[in-house]
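Structure first, commentary second.
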Amino acid sequence: MADFDEPFKILSQESKELLHVNCKVPVVENIGSEWDITFLREYVSRNMPVLIKSGCSHYPAVKKWSSKYFIENIGENNVTVALTPNGYADGLFIKDLETLFVTPEEIKMDMSQFLTLLNNPINNVICYVQEQNSNLTSTFKSLLSDVDEEISWASKAFGKNPDAINFWMGDSRAITSMHKDPYENIYCVIKGHKDFILIPPTDLPFVPYKKYKCASFKNVTKSGFEVEYSKDCDGKVVELPWISIDPLNPDYNLYPEFKSANIYKVRVEKGDCLYLPSLWFHHVQQSHGCIAVNYWYDMDFDVKYCYYKMLEAMCQQK
């Protein structure tokens with residue numbers, strides 16, 4: 001078996017000295033007409049996050065969007081709502097002493113029904129509008145005029161338009177477990193706040209993965225729920241690799257390597273934008289009723305991606 005401990009240590013040391021000196025997300029304000037150039041040079045090319053204070057405060061949505069506004073304007077719209085008993089819509093769950101990767105139950109309801117459930121929380125029923133299929137341009141299309149259809153400075157820097165614009169709204173008990181995405185992400189908070197934990201992709205050797213059987217929550221109600229295994233066409237339970245550590249309560253005895261990870265924490269408040277670079281690990285919590293819109297730009301599959309795939313292969317061989 002290949003021994004990559006020393007190369008991993010060198011990678012950790014060099015990246016910490018060059019990029020992750022204090023593990024604080026830079027904050028900028030009053031971005032000007034040439035921000036796209038600075039953004040590209042200082043953050044996109046270096047694959048580093050940045051918080052833009054008041055970056056979306058000019059959106060009409062920041063003043064307009066509320067439960068009352070939604071009921072009056074889209075109350076009868078049919079929306080897809082993720083329901084879980086524990087708040088983890090895509091995450092780990094222990095069933096009969098076995099840890100599974102479980103996805104939420106997804107049900108259709110009117111927006112007004114969702115808002116009633118959100119504003120009157122029920123034990124063991126945690127709701128979240130979290131479709132990641134550009135739902136702001138489909139299900140919530142009538143709200144699109146309240147935000148920008150693209151982030152102009154981001155589109156200029158990336159040289160493309162967003163692939164998807166997603167609408168998010170949910171319970172404070174809903175938690176996004178740590179994962180990564182192959183997208184450049186501009187995350188805009190419209191109401192409330194989001195708390196992000198971020199880990200750079202160079203720290204992949206220190207972020208533990210395991211393979212888990214896949215399942216889904218079913219029949220989620222205040223009195224209980226079911227867990228149904230996901231099976232392929234041959235009837236075999238599907239498995240996938242997922243991050244096995246909880247950054248809110250890391251077990252360093254089980255995963256001592258996680259101590260070497262560079263951990264960033266940042267709060268994105270109402271009217272703020274966060275640039276979350278492609279392949280960065282992220283874990284998210286939110287205030288109750290938080291509303292957000294994010295713009296996904298497809299990442300460039302360039303030499304950085306090649307290096308990441310090499311690092312991924314080395315980790316799998318360790």
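Going by the structure tokens order, chains are called A, B, ..., each with residues numbered from 1, while ligands are numbered from 1 in the order shown.
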
Exercise for the section: Just the residues within 10 Å of stretch 206-213 of chain A, please, counting only C-alpha atoms, with nothing from its chain fewer than 6 positions along; format it as a ChimeraX atom specification. Expected result: /A:8,12,92,98-102,178,199,229-231,237-245,247,254-262,281,315-316

Practice task
Mind listing the alpha helix (DSSP H) residues of stretch 123-248 of chain A, per DSSP on the backbone, as a ChimeraX atom specification?
Solution key: /A:152-158

Practice task
Could you check which of A:Tyr252, A:Phe70, A:Trp35, A:Tyr88 is closest to A:Met111, using only C-alpha atoms?
Solution key: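 Looking only at the distances to A:Met111, the closest residue turns out to be A:Phe70.
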
Practice task
Rank A:Leu11, A:Leu279, A:Val284, A:Cys233 by their smallest atom-to-atom distance to A:Lys304, using only C-alpha atoms, and report the top residue only.
Solution key: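 With only C-alpha atoms as the atom set, the closest residue is A:Leu279.
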
Quick one: which stretch 71-145 of chain A residues come within 6 Å of stretch 150-171 of chain A, and what is the nearest atom pair for each with the distance in Å to one decimal, counting only C-alpha atoms, rows ordered by chain and ascending number, as CSV?
```
residue,atom,partner,partner_atom,distance
A:Cys127,CA,A:Asp171,CA,5.9
A:Tyr128,CA,A:Gly170,CA,4.2
A:Val129,CA,A:Met169,CA,5.2
A:Gln130,CA,A:Trp168,CA,5.2
A:Gln132,CA,A:Asn166,CA,5.9
A:Ser134,CA,A:Ala164,CA,4.4
A:Asn135,CA,A:Asn166,CA,5.4
A:Leu136,CA,A:Asn166,CA,5.3
```

Practice task
Using DSSP on the backbone coordinates, identify the residues of stretch 119-214 of chain A assigned to strand (DSSP E); present them as a PyMOL selection string.
Solution key: chain A and resi 126-129+164-170+176-179+183-191+193-199+209-214

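One finds atom CA of A:Lys16 at 29.2 Å from atom CA of A:Glu34.
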
Practice task
Between atom CA of A:Ser287 and atom CA of A:Val268, measure the distance and give it in Å to one decimal.
Solution key: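 Here the two named atoms are 10.7 Å from each other.
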